[in-house]
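Engineer: Quick one, target35.txt (compact mmCIF, C-alpha atoms):
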```txt
# COMPACT_ATOMS: atom_id res chain seq x y z
CA MET A 177 0.00 0.00 0.00
CA ASP A 178 1.18 3.51 -0.78
CA ALA A 179 2.44 5.07 2.45
CA ARG A 180 0.26 8.15 1.92
CA ASN A 181 -2.94 6.09 1.67
CA ARG A 182 -2.48 4.20 4.89
CA PRO A 183 -5.39 4.51 7.33
CA LEU A 184 -4.67 7.19 9.91
CA SER A 185 -5.54 7.16 13.57
CA PRO A 186 -8.25 9.66 14.55
CA HIS A 187 -6.89 13.14 15.03
CA LEU A 188 -7.96 16.39 16.70
CA GLN A 189 -11.11 17.00 14.67
CA ILE A 190 -12.49 13.55 15.63
CA TYR A 191 -12.21 13.86 19.38
CA ARG A 192 -14.44 15.94 21.62
CA TRP A 193 -12.40 18.68 23.26
CA HIS A 194 -11.74 18.12 26.94
CA LEU A 195 -9.63 19.79 29.62
CA LEU A 196 -6.64 17.43 29.62
CA MET A 197 -6.22 17.60 25.85
CA ALA A 198 -6.61 21.38 25.76
CA MET A 199 -4.06 21.74 28.57
CA SER A 200 -1.55 19.55 26.77
CA ILE A 201 -1.88 21.61 23.61
CA PHE A 202 -1.73 24.89 25.52
CA HIS A 203 1.46 23.72 27.26
CA ARG A 204 3.14 23.41 23.87
CA ALA A 205 1.60 26.65 22.57
CA SER A 206 2.68 28.60 25.67
CA GLY A 207 6.18 27.12 25.36
CA CYS A 208 6.41 28.31 21.77
CA ALA A 209 5.13 31.77 22.76
CA LEU A 210 7.72 31.94 25.55
CA ALA A 211 10.46 30.92 23.11
CA VAL A 212 9.47 33.96 21.00
CA GLY A 213 9.47 36.01 24.21
CA THR A 214 13.19 35.27 24.69
CA LEU A 215 13.74 37.79 21.87
CA LEU A 216 12.31 40.52 24.11
CA LEU A 217 14.29 39.29 27.14
CA THR A 218 17.52 39.40 25.13
CA TYR A 219 16.66 42.80 23.67
CA TRP A 220 15.95 44.24 27.14
CA ILE A 221 19.25 42.99 28.65
CA ALA A 222 21.27 43.96 25.56
CA ALA A 223 19.70 47.43 25.58
CA ALA A 224 20.66 47.88 29.24
CA ALA A 225 24.23 46.89 28.39
CA ALA A 226 24.31 49.15 25.32
CA GLY A 227 23.59 52.37 27.24
CA PRO A 228 20.93 54.78 28.55
CA GLN A 229 19.62 55.79 25.10
CA ALA A 230 19.09 52.23 23.91
CA PHE A 231 17.54 51.37 27.26
CA ASP A 232 15.13 54.32 27.07
CA THR A 233 14.00 53.14 23.63
CA ALA A 234 13.47 49.61 24.98
CA SER A 235 11.56 50.95 28.00
CA MET A 236 9.36 53.01 25.69
CA ILE A 237 8.54 50.01 23.49
CA ILE A 238 7.90 47.68 26.45
CA GLY A 239 5.95 50.36 28.33
CA SER A 240 3.64 51.19 25.42
CA TRP A 241 0.13 49.77 25.56
CA ILE A 242 0.96 47.18 22.90
CA GLY A 243 4.14 46.27 24.78
CA ARG A 244 2.22 45.87 28.02
CA LEU A 245 -0.47 43.82 26.28
CA ALA A 246 2.20 41.48 24.88
CA LEU A 247 3.88 41.31 28.29
CA PHE A 248 0.54 40.45 29.90
CA GLY A 249 0.08 37.57 27.46
CA TRP A 250 3.63 36.39 28.04
CA SER A 251 3.24 36.57 31.82
CA PHE A 252 0.15 34.34 31.64
CA ALA A 253 1.96 31.93 29.29
CA LEU A 254 4.91 31.91 31.71
CA PHE A 255 2.84 31.11 34.80
CA TYR A 256 0.81 28.51 32.92
CA HIS A 257 3.93 26.82 31.54
CA LEU A 258 5.57 26.99 34.97
CA GLY A 259 2.57 25.47 36.77
CA ASN A 260 1.90 22.84 34.14
CA GLY A 261 5.62 22.09 33.96
CA ILE A 262 5.60 21.29 37.67
CA ARG A 263 2.52 19.11 36.99
CA HIS A 264 4.59 17.26 34.38
CA LEU A 265 7.46 16.82 36.84
CA ILE A 266 5.02 15.27 39.33
CA TRP A 267 3.79 12.92 36.58
CA ASP A 268 7.46 12.07 35.87
CA SER A 269 7.71 10.81 39.46
CA GLY A 270 4.92 8.35 38.63
CA ARG A 271 2.20 10.11 40.64
CA GLY A 272 -1.14 11.67 39.73
CA PHE A 273 -2.06 9.64 36.66
CA ALA A 274 -5.60 8.65 37.72
CA ILE A 275 -8.09 10.61 35.58
CA PRO A 276 -9.79 12.44 38.49
CA GLN A 277 -6.33 13.41 39.81
CA ALA A 278 -5.29 14.68 36.38
CA TYR A 279 -8.42 16.84 36.18
CA LEU A 280 -7.84 18.16 39.70
CA SER A 281 -4.18 19.04 39.03
CA GLY A 282 -5.25 20.61 35.74
CA ARG A 283 -7.72 22.91 37.48
CA VAL A 284 -5.09 23.77 40.09
CA VAL A 285 -2.70 24.79 37.29
CA TRP A 286 -5.32 27.03 35.62
CA GLY A 287 -6.06 28.64 38.99
CA PHE A 288 -2.35 29.08 39.70
CA ALA A 289 -1.75 30.72 36.31
CA VAL A 290 -4.68 33.14 36.65
CA VAL A 291 -3.96 34.08 40.28
CA MET A 292 -0.20 34.53 39.74
CA THR A 293 -0.74 36.64 36.60
CA VAL A 294 -3.21 38.92 38.40
CA LEU A 295 -0.96 39.14 41.48
CA ALA A 296 2.10 39.97 39.38
CA TRP A 297 0.32 42.79 37.54
CA VAL A 298 -1.32 44.19 40.66
CA ALA A 299 2.10 44.17 42.34
CA GLY A 300 3.71 45.76 39.30
CA TYR A 301 1.20 48.62 39.23
CA THR A 302 1.05 49.26 42.98
CA LEU A 303 4.77 49.00 43.80
CA ARG A 304 6.11 51.34 41.13
CA MET B 19 19.79 -10.50 35.28
CA LYS B 20 16.97 -12.86 34.46
CA THR B 21 14.73 -10.30 32.74
CA GLN B 22 17.13 -9.46 29.96
CA GLY B 23 14.62 -9.99 27.13
CA MET B 24 15.95 -9.75 23.61
CA ARG B 25 18.54 -7.09 24.36
CA THR B 26 22.26 -7.76 24.47
CA MET B 27 24.29 -7.02 27.60
CA LEU B 28 26.18 -4.31 25.68
CA GLY B 29 22.91 -2.68 24.58
CA ARG B 30 21.69 -2.63 28.16
CA VAL B 31 24.91 -1.08 29.43
CA ARG B 32 24.96 1.62 26.76
CA GLY B 33 21.33 2.48 27.55
CA LEU B 34 20.83 4.26 24.25
CA GLY B 35 17.66 2.44 23.14
CA SER B 36 16.43 1.95 19.58
CA ALA B 37 16.72 5.65 18.67
CA LYS B 38 20.45 5.54 19.65
CA GLU B 39 20.06 8.74 21.66
CA GLY B 40 19.15 7.43 25.09
CA VAL B 41 17.29 9.73 27.44
CA GLU B 42 19.64 12.71 27.09
CA HIS B 43 17.06 15.03 25.47
CA TRP B 44 14.28 14.07 27.89
CA TRP B 45 16.60 14.31 30.89
CA MET B 46 18.09 17.72 30.03
CA GLN B 47 14.58 19.11 29.47
CA ARG B 48 13.76 18.05 33.06
CA VAL B 49 17.07 19.26 34.50
CA THR B 50 16.61 22.72 32.95
CA ALA B 51 12.93 22.72 34.01
CA VAL B 52 13.85 22.07 37.65
CA ALA B 53 16.51 24.80 37.50
CA LEU B 54 14.06 27.24 35.92
CA VAL B 55 11.38 26.90 38.63
CA PRO B 56 13.28 28.97 41.24
CA LEU B 57 15.14 31.08 38.65
CA VAL B 58 11.93 32.21 36.91
CA LEU B 59 10.16 32.99 40.20
CA TRP B 60 13.18 35.03 41.33
CA PHE B 61 13.32 36.82 37.95
CA VAL B 62 9.61 37.73 38.00
CA VAL B 63 9.80 39.10 41.56
CA SER B 64 12.95 41.08 40.67
CA VAL B 65 11.48 42.55 37.48
CA ILE B 66 8.32 43.61 39.32
CA GLY B 67 10.61 45.43 41.75
CA LEU B 68 12.29 47.17 38.80
CA VAL B 69 9.08 48.49 37.17
CA GLY B 70 9.61 52.18 36.42
CA ALA B 71 13.13 52.10 37.91
CA PRO B 72 15.74 54.46 36.41
CA TYR B 73 18.50 53.21 34.09
CA GLU B 74 21.17 53.14 36.81
CA ALA B 75 19.01 50.98 39.11
CA VAL B 76 18.40 48.42 36.36
CA THR B 77 22.06 48.23 35.28
CA SER B 78 23.33 47.94 38.85
CA TRP B 79 20.85 45.11 39.44
CA ILE B 80 21.98 43.28 36.27
CA GLY B 81 25.63 43.96 37.13
CA HIS B 82 25.38 42.90 40.79
CA PRO B 83 27.50 39.79 41.54
CA ILE B 84 24.53 37.74 42.79
CA SER B 85 21.77 38.81 40.41
CA GLY B 86 24.25 38.87 37.52
CA VAL B 87 25.27 35.25 38.08
CA LEU B 88 21.62 34.20 38.56
CA LEU B 89 20.70 36.03 35.34
CA ILE B 90 23.43 34.19 33.42
CA LEU B 91 22.19 30.87 34.81
CA LEU B 92 18.63 31.86 33.87
CA ILE B 93 19.65 32.77 30.30
CA VAL B 94 21.59 29.52 29.80
CA ALA B 95 18.76 27.39 31.23
CA VAL B 96 16.05 29.27 29.32
CA PHE B 97 17.71 28.92 25.92
CA HIS B 98 18.74 25.31 26.49
CA HIS B 99 15.18 24.46 27.58
CA ALA B 100 13.58 26.47 24.75
CA GLN B 101 15.62 24.92 21.95
CA LEU B 102 14.96 21.40 23.30
CA GLY B 103 11.23 22.14 23.28
CA ILE B 104 11.16 23.78 19.84
CA GLN B 105 13.20 20.85 18.49
CA VAL B 106 10.38 18.43 19.40
CA VAL B 107 7.76 20.74 17.86
CA LEU B 108 9.75 20.93 14.59
CA GLU B 109 10.31 17.15 14.56
CA ASP B 110 6.54 16.67 14.99
CA TYR B 111 5.33 19.08 12.32
CA VAL B 112 8.08 19.51 9.69
CA HIS B 113 7.96 16.36 7.57
CA ASN B 114 10.31 17.36 4.74
CA GLU B 115 13.73 16.05 5.80
CA GLY B 116 15.71 18.96 4.36
CA ALA B 117 13.41 21.61 5.83
CA LYS B 118 13.46 19.79 9.18
CA ILE B 119 17.27 19.72 9.41
CA ALA B 120 17.50 23.34 8.21
CA SER B 121 14.94 24.58 10.76
CA LEU B 122 16.58 22.57 13.57
CA LEU B 123 19.98 24.07 12.77
CA ALA B 124 18.44 27.55 12.53
CA ILE B 125 16.65 27.30 15.88
CA LYS B 126 19.69 25.86 17.67
CA GLY B 127 21.95 28.49 16.13
CA LEU B 128 19.50 31.25 17.08
CA ALA B 129 19.39 29.98 20.68
CA LEU B 130 23.21 30.11 20.84
CA VAL B 131 23.34 33.63 19.35
CA LEU B 132 20.60 35.07 21.60
CA GLY B 133 21.94 33.30 24.68
CA GLY B 134 25.43 34.55 23.83
CA ILE B 135 24.20 38.14 23.47
CA GLY B 136 22.38 37.88 26.81
CA VAL B 137 25.35 36.44 28.71
CA VAL B 138 27.84 38.93 27.21
CA SER B 139 25.46 41.82 28.04
CA VAL B 140 25.21 40.72 31.68
CA LEU B 141 28.99 40.24 31.87
CA LYS B 142 29.56 43.71 30.40
CA LEU B 143 27.47 45.25 33.19
CA MET B 144 29.12 43.06 35.84
CA LEU B 145 32.66 44.00 34.77
CA ARG B 146 32.27 47.72 34.15
```
Could you rewrite the structure in this file as structure tokens?
Structural biologist:
Amino acid sequence: MDARNRPLSPHLQIYRWHLLMAMSIFHRASGCALAVGTLLLTYWIAAAAAGPQAFDTASMIIGSWIGRLALFGWSFALFYHLGNGIRHLIWDSGRGFAIPQAYLSGRVVWGFAVVMTVLAWVAGYTLR
Amino acid sequence: MKTQGMRTMLGRVRGLGSAKEGVEHWWMQRVTAVALVPLVLWFVVSVIGLVGAPYEAVTSWIGHPISGVLLILLIVAVFHHAQLGIQVVLEDYVHNEGAKIASLLAIKGLALVLGGIGVVSVLKLMLR
């Protein structure tokens, strides 16, 4: 049989969406977004090393509303990836595989990501 | 060992498995993940403290012996972790062999360049 005509296993469009699947996909998506975010991290540190003028430009870009919006998205991606990454490390230890446990840890991770993102931005706006 | 199965003693000792790569990729992703848990939390708290801070405050924080070293560790761990993750995404979705190898080389090279810029920038502020 031609390799391209082999029967395929059901893919995304066949399955009903559920929390565990969405969380797995969002872990990868947030990781990719954070990888793009390393460009901004590098730019910020390099601008600080380059001098006050370059740093002012970087501060202006990051401090603009579009910069803050991007940073907000990245902060949520960061806390989600951090929380879900810890969930993965717990799975690596062989624990938490029962389906009710996986749902519970999943909800904990969503809660962690939302609460930490809100806390970080409240702290950022009140402490400055 | 009684439960040797079909594998030769040499194969067992090498521990490289059928893909000939062993668990190096998987393991380093976990090692960098564990390192990044405290580093990222420290970085987020520090950056919140630097919101709206003047240029001199930011550069003295980056150039401080403790935060400078932690920043370098963060940069190395972040880029190592990111390129390991993106590698798996590319291997999953890029099916053309040439495009796959080219994109893998590009992403690994980019991680080295950006990580190098970040580390050199921190060192510049530490040594001034």
Engineer: Taking (3.2, 48.6, 44.2) in the file's coordinates, which residues come within 12 Å, counting only C-alpha atoms, written as a list in words?
Structural biologist: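 Looking at atoms near the point gives Leu295, Ala296, Trp297, Val298, Ala299, Gly300, Tyr301, Thr302, Leu303 and Arg304 of chain A; Val63, Ile66, Gly67, Leu68, Val69 and Gly70 of chain B.
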Engineer: With all atoms listed in the file considered, list every residue of chain A at most 8 Å from chain B, as a PyMOL selection string.
Structural biologist: chain A and resi 207-208+211+214-215+218+221-222+224-226+228+231-232+258+261+265+296+299-300+303-304
Engineer: One number please: atom CA of A:Ala234 to atom CA of A:Leu254, in Å, one decimal.
Structural biologist: 20.8 Å
Engineer: Excluding A:Ser200 and residues on its chain fewer than 4 positions from it, collect all residues at most 10 Å away from it, counting all atoms listed in the file, and give them as a list in words.
Structural biologist: Leu195, Leu196, Arg204, Ala205, Asn260 and Gly282 of chain A
Engineer: So, with all atoms listed in the file as the atoms that count, which of A:Trp250, A:Gln229, A:Val290, A:Ser185 lies closest to A:Val212?
Structural biologist: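 Closest residue, counting all atoms listed in the file: A:Trp250.
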Engineer: What gap, in Å, lies between atom CA of B:Leu145 and atom CA of B:Lys126?
Structural biologist: 28.1 Å
Engineer: Calculated over all atoms listed in the file, which of the candidates B:Leu92, B:Leu123, B:Met24, B:Val49 has the smallest distance to A:Leu217?
Structural biologist: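 Among the listed residues, B:Leu92 lies closest to A:Leu217.
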Engineer: Let me make sure I understand: among A:Ile201, A:Ile238, A:Val284, A:Ala278, which one has the smallest atom-to-atom distance to A:Tyr219 if we use all atoms listed in the file?
Structural biologist: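 Ranked by minimum distance to A:Tyr219, first place goes to A:Ile238.
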Engineer: Between atom CA of A:Gly243 and atom CA of B:Leu130, what is the spacing in Å?
Structural biologist: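 Result for atom CA of B:Leu130 versus atom CA of A:Gly243: 25.3 Å, one decimal.
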Engineer: Which one of A:Arg244, A:His187, A:His264, A:Arg271 sits closest to A:Met199 if you count only C-alpha atoms?
Structural biologist: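 Of A:Arg244, A:His187, A:His264, A:Arg271, the one nearest A:Met199, counting only C-alpha atoms, is A:His264.
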Engineer: Where atoms are missing, can you supply N, CA and C atoms for stretch 196-221 of chain A and output the lot as a CSV table (one decimal), in the frame of the given file?
Structural biologist:
```
chain,number,residue,atom,x,y,z
A,196,LEU,N,-8.0,18.0,29.6
A,196,LEU,CA,-6.6,17.4,29.6
A,196,LEU,C,-6.0,17.6,28.3
A,197,MET,N,-6.7,17.4,27.2
A,197,MET,CA,-6.2,17.6,25.8
A,197,MET,C,-5.9,19.1,25.6
A,198,ALA,N,-6.8,19.9,26.0
A,198,ALA,CA,-6.6,21.4,25.8
A,198,ALA,C,-5.4,21.8,26.5
A,199,MET,N,-5.2,21.3,27.8
A,199,MET,CA,-4.1,21.7,28.6
A,199,MET,C,-2.7,21.3,28.0
A,200,SER,N,-2.8,20.1,27.4
A,200,SER,CA,-1.6,19.6,26.8
A,200,SER,C,-1.2,20.4,25.6
A,201,ILE,N,-2.1,20.8,24.8
A,201,ILE,CA,-1.9,21.6,23.6
A,201,ILE,C,-1.4,23.0,24.0
A,202,PHE,N,-2.1,23.5,25.1
A,202,PHE,CA,-1.7,24.9,25.5
A,202,PHE,C,-0.3,24.9,26.2
A,203,HIS,N,0.1,23.8,26.7
A,203,HIS,CA,1.5,23.7,27.3
A,203,HIS,C,2.5,23.9,26.1
A,204,ARG,N,2.2,23.3,25.0
A,204,ARG,CA,3.1,23.4,23.9
A,204,ARG,C,3.0,24.8,23.3
A,205,ALA,N,1.8,25.3,23.2
A,205,ALA,CA,1.6,26.6,22.6
A,205,ALA,C,2.3,27.7,23.4
A,206,SER,N,2.1,27.6,24.8
A,206,SER,CA,2.7,28.6,25.7
A,206,SER,C,4.2,28.5,25.6
A,207,GLY,N,4.7,27.3,25.5
A,207,GLY,CA,6.2,27.1,25.4
A,207,GLY,C,6.7,27.8,24.1
A,208,CYS,N,6.0,27.7,23.0
A,208,CYS,CA,6.4,28.3,21.8
A,208,CYS,C,6.3,29.8,21.9
A,209,ALA,N,5.3,30.3,22.6
A,209,ALA,CA,5.1,31.8,22.8
A,209,ALA,C,6.3,32.3,23.6
A,210,LEU,N,6.6,31.5,24.7
A,210,LEU,CA,7.7,31.9,25.6
A,210,LEU,C,9.1,31.9,24.8
A,211,ALA,N,9.2,31.0,23.9
A,211,ALA,CA,10.5,30.9,23.1
A,211,ALA,C,10.6,32.2,22.3
A,212,VAL,N,9.5,32.7,21.7
A,212,VAL,CA,9.5,34.0,21.0
A,212,VAL,C,9.8,35.1,22.0
A,213,GLY,N,9.3,35.0,23.2
A,213,GLY,CA,9.5,36.0,24.2
A,213,GLY,C,10.9,36.2,24.6
A,214,THR,N,11.8,35.1,24.4
A,214,THR,CA,13.2,35.3,24.7
A,214,THR,C,13.8,36.4,23.8
A,215,LEU,N,13.2,36.7,22.7
A,215,LEU,CA,13.7,37.8,21.9
A,215,LEU,C,13.6,39.1,22.7
A,216,LEU,N,12.5,39.3,23.3
A,216,LEU,CA,12.3,40.5,24.1
A,216,LEU,C,13.2,40.5,25.3
A,217,LEU,N,13.4,39.4,26.0
A,217,LEU,CA,14.3,39.3,27.1
A,217,LEU,C,15.7,39.7,26.7
A,218,THR,N,16.2,39.1,25.6
A,218,THR,CA,17.5,39.4,25.1
A,218,THR,C,17.7,40.9,24.8
A,219,TYR,N,16.6,41.4,24.1
A,219,TYR,CA,16.7,42.8,23.7
A,219,TYR,C,16.8,43.7,24.9
A,220,TRP,N,16.0,43.4,25.9
A,220,TRP,CA,16.0,44.2,27.1
A,220,TRP,C,17.3,44.2,27.8
A,221,ILE,N,17.9,43.1,28.0
A,221,ILE,CA,19.2,43.0,28.6
A,221,ILE,C,20.3,43.6,27.8
```
